[in-house]
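As provided, data_19.pdb (PDB, C-alpha atoms) reads as follows.
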```pdb
ATOM      1  CA  ARG A 259       4.746  91.617  86.565
ATOM      2  CA  LYS A 260       2.270  94.332  87.477
ATOM      3  CA  ALA A 261       3.641  96.635  84.772
ATOM      4  CA  LEU A 262       3.212  93.890  82.185
ATOM      5  CA  MET A 263      -0.386  93.343  83.259
ATOM      6  CA  ARG A 264      -1.061  97.091  82.961
ATOM      7  CA  LYS A 265       0.502  97.069  79.504
ATOM      8  CA  TRP A 266      -1.739  94.177  78.387
ATOM      9  CA  GLU A 267      -4.754  95.921  79.884
ATOM     10  CA  GLY A 268      -4.015  99.174  78.091
ATOM     11  CA  GLU A 269      -3.355  97.341  74.845
ATOM     12  CA  PHE A 270      -6.682  95.522  75.144
ATOM     13  CA  ARG A 271      -8.570  98.734  75.892
ATOM     14  CA  ARG A 272      -7.063 100.403  72.811
ATOM     15  CA  ARG A 273      -7.641  97.539  70.374
ATOM     16  CA  TYR A 274     -10.914  95.988  71.519
ATOM     17  CA  PRO A 275     -13.225  98.765  70.223
ATOM     18  CA  LEU A 276     -11.566  98.588  66.816
ATOM     19  CA  PHE A 277     -12.004  94.834  66.730
ATOM     20  CA  LEU A 278     -15.696  95.121  67.624
ATOM     21  CA  SER A 279     -16.205  97.755  64.942
ATOM     22  CA  ARG A 280     -14.591  95.487  62.372
ATOM     23  CA  LEU A 281     -16.718  92.546  63.485
ATOM     24  CA  LYS A 282     -19.950  94.560  63.284
ATOM     25  CA  MET A 283     -18.985  95.903  59.866
ATOM     26  CA  ASN A 284     -18.301  92.387  58.581
ATOM     27  CA  LEU A 285     -21.562  91.028  59.997
ATOM     28  CA  ARG A 286     -23.567  93.905  58.559
ATOM     29  CA  GLY A 287     -21.791  93.318  55.254
ATOM     30  CA  GLY A 288     -23.470  89.911  55.069
ATOM     31  CA  LEU A 289     -20.706  87.578  56.244
ATOM     32  CA  THR A 290     -21.549  84.627  58.442
ATOM     33  CA  LEU A 291     -20.340  84.816  62.028
ATOM     34  CA  ASP A 292     -17.443  82.436  61.339
ATOM     35  CA  HIS A 293     -16.259  84.373  58.290
ATOM     36  CA  ALA A 294     -16.816  87.736  59.994
ATOM     37  CA  LEU A 295     -14.560  86.662  62.871
ATOM     38  CA  GLU A 296     -11.869  85.406  60.496
ATOM     39  CA  GLU A 297     -11.973  88.642  58.516
ATOM     40  CA  SER A 298     -11.905  90.716  61.699
ATOM     41  CA  PHE A 299      -8.616  89.118  62.721
ATOM     42  CA  LEU A 300      -6.930  89.531  59.320
ATOM     43  CA  ASP A 301      -4.072  92.043  59.578
ATOM     44  CA  PHE A 302      -5.097  92.761  63.163
ATOM     45  CA  GLN A 303      -2.617  92.652  66.014
ATOM     46  CA  GLY A 304      -4.898  91.496  68.793
ATOM     47  CA  GLY A 305      -2.505  91.466  71.707
ATOM     48  CA  LYS A 306      -2.641  89.017  74.600
ATOM     49  CA  HIS A 307      -6.319  89.226  75.537
ATOM     50  CA  LEU A 308      -7.801  89.283  72.040
ATOM     51  CA  GLY A 309      -5.248  86.592  71.223
ATOM     52  CA  SER A 310      -7.141  84.257  73.566
ATOM     53  CA  LEU A 311     -10.228  84.704  71.377
ATOM     54  CA  GLU A 312      -8.150  84.120  68.264
ATOM     55  CA  ARG A 313      -6.669  80.946  69.763
ATOM     56  CA  SER A 314     -10.185  79.748  70.629
ATOM     57  CA  LEU A 315     -11.271  80.302  67.035
ATOM     58  CA  GLY A 316      -8.245  78.341  65.839
ATOM     59  CA  ARG A 317      -9.250  75.458  68.100
ATOM     60  CA  ILE A 318     -12.766  75.587  66.624
ATOM     61  CA  ARG A 319     -11.340  75.456  63.076
ATOM     62  CA  ARG A 320      -9.332  72.366  64.087
ATOM     63  CA  GLY A 321     -12.545  70.606  65.068
ATOM     64  CA  GLU A 322     -12.969  71.275  68.773
ATOM     65  CA  SER A 323     -16.479  72.144  69.884
ATOM     66  CA  ARG A 324     -17.333  75.819  70.055
ATOM     67  CA  GLN A 325     -18.576  75.438  73.612
ATOM     68  CA  GLU A 326     -15.289  73.943  74.836
ATOM     69  CA  ALA A 327     -12.985  76.232  72.860
ATOM     70  CA  LEU A 328     -14.746  79.460  73.793
ATOM     71  CA  GLY A 329     -15.269  78.262  77.368
ATOM     72  CA  GLU A 330     -11.520  77.811  77.683
ATOM     73  CA  GLY A 331     -11.001  81.205  76.053
ATOM     74  CA  ILE A 332     -13.363  82.828  78.526
ATOM     75  CA  ARG A 333     -11.528  81.280  81.450
ATOM     76  CA  SER A 334      -8.085  82.244  80.140
ATOM     77  CA  SER A 335      -8.859  85.813  79.068
ATOM     78  CA  GLY A 336      -9.705  87.327  82.448
ATOM     79  CA  GLN A 337     -11.275  90.332  80.702
ATOM     80  CA  ARG A 338     -14.918  90.890  81.568
ATOM     81  CA  GLU A 339     -15.597  92.617  78.230
ATOM     82  CA  LEU A 340     -14.064  89.760  76.254
ATOM     83  CA  MET A 341     -16.008  87.205  78.295
ATOM     84  CA  ARG A 342     -19.216  89.003  77.374
ATOM     85  CA  LEU A 343     -18.241  88.948  73.683
ATOM     86  CA  MET A 344     -17.476  85.221  73.771
ATOM     87  CA  ASP A 345     -20.768  84.589  75.522
ATOM     88  CA  PHE A 346     -22.520  86.562  72.753
ATOM     89  CA  LEU A 347     -20.716  84.482  70.114
ATOM     90  CA  LEU A 348     -21.813  81.234  71.744
ATOM     91  CA  ARG A 349     -25.429  82.416  71.865
ATOM     92  CA  GLN A 350     -25.298  83.530  68.229
ATOM     93  CA  TRP A 351     -23.965  80.133  67.130
ATOM     94  CA  GLU A 352     -26.502  78.226  69.206
ATOM     95  CA  LEU A 353     -29.574  80.338  68.528
ATOM     96  CA  GLY A 354     -28.666  81.908  65.207
ATOM     97  CA  GLY A 355     -30.351  85.107  64.172
ATOM     98  CA  GLU A 356     -29.218  88.524  63.119
ATOM     99  CA  ASP A 357     -29.653  90.419  66.391
ATOM    100  CA  LEU A 358     -26.666  92.735  66.555
ATOM    101  CA  GLY A 359     -28.143  95.010  69.231
ATOM    102  CA  TYR A 360     -26.066  93.418  71.976
ATOM    103  CA  LEU A 361     -22.948  93.725  69.829
ATOM    104  CA  ASP A 362     -23.771  97.413  69.324
ATOM    105  CA  GLN A 363     -24.070  97.805  73.086
ATOM    106  CA  LEU A 364     -20.707  96.080  73.607
ATOM    107  CA  GLY A 365     -19.183  98.384  71.021
ATOM    108  CA  GLN A 366     -20.535 101.529  72.667
ATOM    109  CA  GLU A 367     -19.237 100.402  76.054
ATOM    110  CA  ALA A 368     -15.850  99.566  74.529
ATOM    111  CA  TRP A 369     -15.518 103.025  72.952
ATOM    112  CA  LYS A 370     -16.449 104.669  76.265
ATOM    113  CA  MET A 371     -13.842 102.493  77.978
ATOM    114  CA  LYS A 372     -11.247 103.524  75.379
ATOM    115  CA  LYS A 373     -12.038 107.239  75.812
ATOM    116  CA  GLU A 374     -11.693 106.897  79.574
ATOM    117  CA  THR A 375      -8.377 105.068  79.183
ATOM    118  CA  VAL A 376      -7.003 107.717  76.831
ATOM    119  CA  ARG A 377      -8.139 110.497  79.189
ATOM    120  CA  ARG A 378      -6.468 108.786  82.151
ATOM    121  CA  MET A 379      -3.256 108.240  80.191
ATOM    122  CA  ALA A 380      -3.232 111.925  79.171
ATOM    123  CA  GLU A 381      -3.626 112.964  82.808
ATOM    124  CA  GLU A 382      -0.770 110.675  83.835
ATOM    125  CA  GLY A 383       1.379 112.081  81.041
ATOM    126  CA  SER A 384       0.621 115.650  82.109
ATOM    127  CA  ALA A 385       1.576 114.843  85.684
ATOM    128  CA  LYS A 386       4.863 113.324  84.542
ATOM    129  CA  MET A 387       5.668 116.435  82.505
ATOM    130  CA  ALA A 388       5.197 118.886  85.400
ATOM    131  CA  LEU A 389       8.735 118.512  86.815
ATOM    132  CA  PRO A 390      10.576 118.817  83.475
ATOM    133  CA  MET A 391       8.490 121.879  82.616
ATOM    134  CA  MET A 392       9.333 123.494  85.959
ATOM    135  CA  LEU A 393      13.042 122.804  85.412
ATOM    136  CA  ILE A 394      12.887 124.398  81.970
ATOM    137  CA  PHE A 395      11.066 127.417  83.422
ATOM    138  CA  ILE A 396      13.701 127.830  86.152
ATOM    139  CA  SER A 397      16.467 127.486  83.546
ATOM    140  CA  VAL A 398      14.944 130.229  81.403
ATOM    141  CA  ILE A 399      14.594 132.515  84.420
ATOM    142  CA  ILE A 400      18.238 131.936  85.333
ATOM    143  CA  LEU A 401      19.338 132.614  81.740
ATOM    144  CA  VAL A 402      17.416 135.899  81.741
ATOM    145  CA  LEU A 403      18.184 137.094  85.292
ATOM    146  CA  VAL A 404      21.903 136.285  85.601
ATOM    147  CA  PRO A 405      23.005 138.539  82.735
ATOM    148  CA  SER A 406      20.705 141.309  84.002
ATOM    149  CA  ILE A 407      22.095 141.118  87.536
ATOM    150  CA  LEU A 408      25.693 141.011  86.264
ATOM    151  CA  SER A 409      25.130 144.076  84.041
ATOM    152  CA  LEU A 410      23.701 146.019  86.982
ATOM    153  CA  GLY A 411      26.705 145.149  89.120
ATOM    154  CA  GLY A 412      29.263 146.046  86.464
TER     155      GLY A 412
END
```

Give the structure from this file in structure tokens form.
Amino acid sequence: RKALMRKWEGEFRRRYPLFLSRLKMNLRGGLTLDHALEESFLDFQGGKHLGSLERSLGRIRRGESRQEALGEGIRSSGQRELMRLMDFLLRQWELGGEDLGYLDQLGQEAWKMKKETVRRMAEEGSAKMALPMMLIFISVIILVLVPSILSLGG
């Protein structure tokens, strides 16, 4: 169970910055918030956490109120970053406007989070490779030393 949660977390941290970049690009391209969100999810594998946002948007398209659908999405996601995005979406729908400064801030934080995740994964990968590399090194030493020792003895 814990491994699955870590997998979902890592998947979210890899995909969320890309999703935010797509959303900002669509909004800056002149799409309305609704259309920008739809376009941002096209051909995008959101994973479990971003899937909660996508399900909320589907509920909105079926006629449920934005407040209820996104509120449920916020409760089900469990991701602080995604909760902040959904809160931003609700404010944008209620107040309107073109202020994308907060979305830019979310995007910058998401990219920092992704860099940190990649760095941590690289460190974990390096640690896992230490033993196999030592075994290979010992094998090479044995392959070089055994014939040398045997030739000295014979």

Explicit residues for the PyMOL selection byres ((chain A and resi 319-335) around 9) (as a PDB file with C-alpha atoms, in the frame of the given file):
```pdb
ATOM      1  CA  LYS A 306      -2.641  89.017  74.600  1.00  0.00           C
ATOM      2  CA  HIS A 307      -6.319  89.226  75.537  1.00  0.00           C
ATOM      3  CA  LEU A 308      -7.801  89.283  72.040  1.00  0.00           C
ATOM      4  CA  GLY A 309      -5.248  86.592  71.223  1.00  0.00           C
ATOM      5  CA  SER A 310      -7.141  84.257  73.566  1.00  0.00           C
ATOM      6  CA  LEU A 311     -10.228  84.704  71.377  1.00  0.00           C
ATOM      7  CA  GLU A 312      -8.150  84.120  68.264  1.00  0.00           C
ATOM      8  CA  ARG A 313      -6.669  80.946  69.763  1.00  0.00           C
ATOM      9  CA  SER A 314     -10.185  79.748  70.629  1.00  0.00           C
ATOM     10  CA  LEU A 315     -11.271  80.302  67.035  1.00  0.00           C
ATOM     11  CA  GLY A 316      -8.245  78.341  65.839  1.00  0.00           C
ATOM     12  CA  ARG A 317      -9.250  75.458  68.100  1.00  0.00           C
ATOM     13  CA  ILE A 318     -12.766  75.587  66.624  1.00  0.00           C
ATOM     14  CA  GLY A 336      -9.705  87.327  82.448  1.00  0.00           C
ATOM     15  CA  GLN A 337     -11.275  90.332  80.702  1.00  0.00           C
ATOM     16  CA  ARG A 338     -14.918  90.890  81.568  1.00  0.00           C
ATOM     17  CA  LEU A 340     -14.064  89.760  76.254  1.00  0.00           C
ATOM     18  CA  MET A 341     -16.008  87.205  78.295  1.00  0.00           C
ATOM     19  CA  ARG A 342     -19.216  89.003  77.374  1.00  0.00           C
ATOM     20  CA  MET A 344     -17.476  85.221  73.771  1.00  0.00           C
ATOM     21  CA  ASP A 345     -20.768  84.589  75.522  1.00  0.00           C
ATOM     22  CA  LEU A 347     -20.716  84.482  70.114  1.00  0.00           C
ATOM     23  CA  LEU A 348     -21.813  81.234  71.744  1.00  0.00           C
ATOM     24  CA  TRP A 351     -23.965  80.133  67.130  1.00  0.00           C
TER      25      TRP A 351
END
```

From the list A:Met263, A:Ile396, A:Gly288, A:Lys282, the nearest residue to A:Tyr360 using only C-alpha atoms is A:Lys282

Pick out the residues sitting within 6 Å of stretch 274-279 of chain A, and hand them over as a PyMOL selection string; count all atoms listed in the file, and ignore anything fewer than 6 positions along from it in its own chain.
chain A and resi 365+368-369

For A:Gly354, the closest of A:Leu281, A:Met387, A:Leu291, A:Glu381 counting all atoms listed in the file is A:Leu291

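If you look at atom CA of A:Arg272 and atom CA of A:Val376, they are 8.3 Å away from each other.
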
With distances taken over only C-alpha atoms, the candidate from A:Arg259, A:Gly359, A:Arg280, A:Arg271 nearest A:Glu374 is A:Arg271

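Compared by their closest atoms to A:Met379, and using all atoms listed in the file, the residues A:Phe299, A:Gly268, A:Ala294, A:Leu262 rank with A:Gly268 nearest.
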
**Message:** When you count only C-alpha atoms, which of these residues is closest to A:Asn284: A:Leu403, A:Leu408, A:Leu343, A:Leu300?
**Reply:**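 Result for the nearest residue to A:Asn284: A:Leu300.
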
What does the structure give for the distance between atom CA of A:Met371 and atom CA of A:Glu339, in Å to one decimal?
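Result for atom CA of A:Met371 versus atom CA of A:Glu339: 10.0 Å, one decimal.
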
* **Å distance separating atom CA of A:Ser298 from atom CA of A:Gln363, one decimal place** =>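 Computing it gives 18.1 Å between the two atoms.
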
Which one is closest to A:Leu361: A:Arg378, A:Ile399, A:Glu297, A:Met283? Count all atoms listed in the file.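 Nearest to A:Leu361: A:Met283.
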
Generate the coordinates of N, CA, C and O atoms for stretch 381-398 of chain A; report them as a PDB file, in the coordinates of the input.
```pdb
ATOM      1  N   GLU A 381      -3.819 112.358  81.489  1.00  0.00           N
ATOM      2  CA  GLU A 381      -3.626 112.964  82.808  1.00  0.00           C
ATOM      3  C   GLU A 381      -2.315 112.491  83.431  1.00  0.00           C
ATOM      4  O   GLU A 381      -1.579 113.287  84.020  1.00  0.00           O
ATOM      5  N   GLU A 382      -2.030 111.196  83.296  1.00  0.00           N
ATOM      6  CA  GLU A 382      -0.770 110.675  83.835  1.00  0.00           C
ATOM      7  C   GLU A 382       0.415 111.300  83.121  1.00  0.00           C
ATOM      8  O   GLU A 382       1.423 111.633  83.744  1.00  0.00           O
ATOM      9  N   GLY A 383       0.302 111.462  81.810  1.00  0.00           N
ATOM     10  CA  GLY A 383       1.379 112.081  81.041  1.00  0.00           C
ATOM     11  C   GLY A 383       1.594 113.532  81.438  1.00  0.00           C
ATOM     12  O   GLY A 383       2.736 113.996  81.545  1.00  0.00           O
ATOM     13  N   SER A 384       0.513 114.253  81.679  1.00  0.00           N
ATOM     14  CA  SER A 384       0.621 115.650  82.109  1.00  0.00           C
ATOM     15  C   SER A 384       1.315 115.736  83.464  1.00  0.00           C
ATOM     16  O   SER A 384       2.144 116.617  83.692  1.00  0.00           O
ATOM     17  N   ALA A 385       0.957 114.839  84.360  1.00  0.00           N
ATOM     18  CA  ALA A 385       1.576 114.843  85.684  1.00  0.00           C
ATOM     19  C   ALA A 385       3.068 114.542  85.589  1.00  0.00           C
ATOM     20  O   ALA A 385       3.879 115.138  86.306  1.00  0.00           O
ATOM     21  N   LYS A 386       3.450 113.667  84.699  1.00  0.00           N
ATOM     22  CA  LYS A 386       4.863 113.324  84.542  1.00  0.00           C
ATOM     23  C   LYS A 386       5.652 114.471  83.921  1.00  0.00           C
ATOM     24  O   LYS A 386       6.853 114.576  84.114  1.00  0.00           O
ATOM     25  N   MET A 387       4.984 115.334  83.168  1.00  0.00           N
ATOM     26  CA  MET A 387       5.668 116.435  82.505  1.00  0.00           C
ATOM     27  C   MET A 387       5.807 117.672  83.395  1.00  0.00           C
ATOM     28  O   MET A 387       6.501 118.620  83.024  1.00  0.00           O
ATOM     29  N   ALA A 388       5.169 117.698  84.542  1.00  0.00           N
ATOM     30  CA  ALA A 388       5.197 118.886  85.400  1.00  0.00           C
ATOM     31  C   ALA A 388       6.615 119.213  85.854  1.00  0.00           C
ATOM     32  O   ALA A 388       7.045 120.370  85.771  1.00  0.00           O
ATOM     33  N   LEU A 389       7.376 118.255  86.323  1.00  0.00           N
ATOM     34  CA  LEU A 389       8.735 118.512  86.815  1.00  0.00           C
ATOM     35  C   LEU A 389       9.656 118.987  85.697  1.00  0.00           C
ATOM     36  O   LEU A 389      10.343 120.008  85.869  1.00  0.00           O
ATOM     37  N   PRO A 390       9.713 118.306  84.548  1.00  0.00           N
ATOM     38  CA  PRO A 390      10.576 118.817  83.475  1.00  0.00           C
ATOM     39  C   PRO A 390      10.194 120.237  83.033  1.00  0.00           C
ATOM     40  O   PRO A 390      11.075 121.065  82.756  1.00  0.00           O
ATOM     41  N   MET A 391       8.911 120.538  83.008  1.00  0.00           N
ATOM     42  CA  MET A 391       8.490 121.879  82.616  1.00  0.00           C
ATOM     43  C   MET A 391       8.931 122.915  83.644  1.00  0.00           C
ATOM     44  O   MET A 391       9.358 124.025  83.287  1.00  0.00           O
ATOM     45  N   MET A 392       8.872 122.572  84.923  1.00  0.00           N
ATOM     46  CA  MET A 392       9.333 123.494  85.959  1.00  0.00           C
ATOM     47  C   MET A 392      10.836 123.718  85.848  1.00  0.00           C
ATOM     48  O   MET A 392      11.316 124.848  86.009  1.00  0.00           O
ATOM     49  N   LEU A 393      11.588 122.665  85.566  1.00  0.00           N
ATOM     50  CA  LEU A 393      13.042 122.804  85.412  1.00  0.00           C
ATOM     51  C   LEU A 393      13.378 123.695  84.223  1.00  0.00           C
ATOM     52  O   LEU A 393      14.293 124.529  84.301  1.00  0.00           O
ATOM     53  N   ILE A 394      12.659 123.545  83.142  1.00  0.00           N
ATOM     54  CA  ILE A 394      12.887 124.398  81.970  1.00  0.00           C
ATOM     55  C   ILE A 394      12.556 125.846  82.318  1.00  0.00           C
ATOM     56  O   ILE A 394      13.294 126.770  81.956  1.00  0.00           O
ATOM     57  N   PHE A 395      11.457 126.064  83.022  1.00  0.00           N
ATOM     58  CA  PHE A 395      11.066 127.417  83.422  1.00  0.00           C
ATOM     59  C   PHE A 395      12.143 128.056  84.297  1.00  0.00           C
ATOM     60  O   PHE A 395      12.526 129.213  84.094  1.00  0.00           O
ATOM     61  N   ILE A 396      12.645 127.314  85.263  1.00  0.00           N
ATOM     62  CA  ILE A 396      13.701 127.830  86.152  1.00  0.00           C
ATOM     63  C   ILE A 396      14.957 128.126  85.347  1.00  0.00           C
ATOM     64  O   ILE A 396      15.622 129.146  85.556  1.00  0.00           O
ATOM     65  N   SER A 397      15.291 127.268  84.385  1.00  0.00           N
ATOM     66  CA  SER A 397      16.467 127.486  83.546  1.00  0.00           C
ATOM     67  C   SER A 397      16.333 128.770  82.740  1.00  0.00           C
ATOM     68  O   SER A 397      17.293 129.550  82.632  1.00  0.00           O
ATOM     69  N   VAL A 398      15.171 129.015  82.182  1.00  0.00           N
ATOM     70  CA  VAL A 398      14.944 130.229  81.403  1.00  0.00           C
ATOM     71  C   VAL A 398      15.060 131.454  82.297  1.00  0.00           C
ATOM     72  O   VAL A 398      15.668 132.470  81.918  1.00  0.00           O
TER      73      VAL A 398
END
```
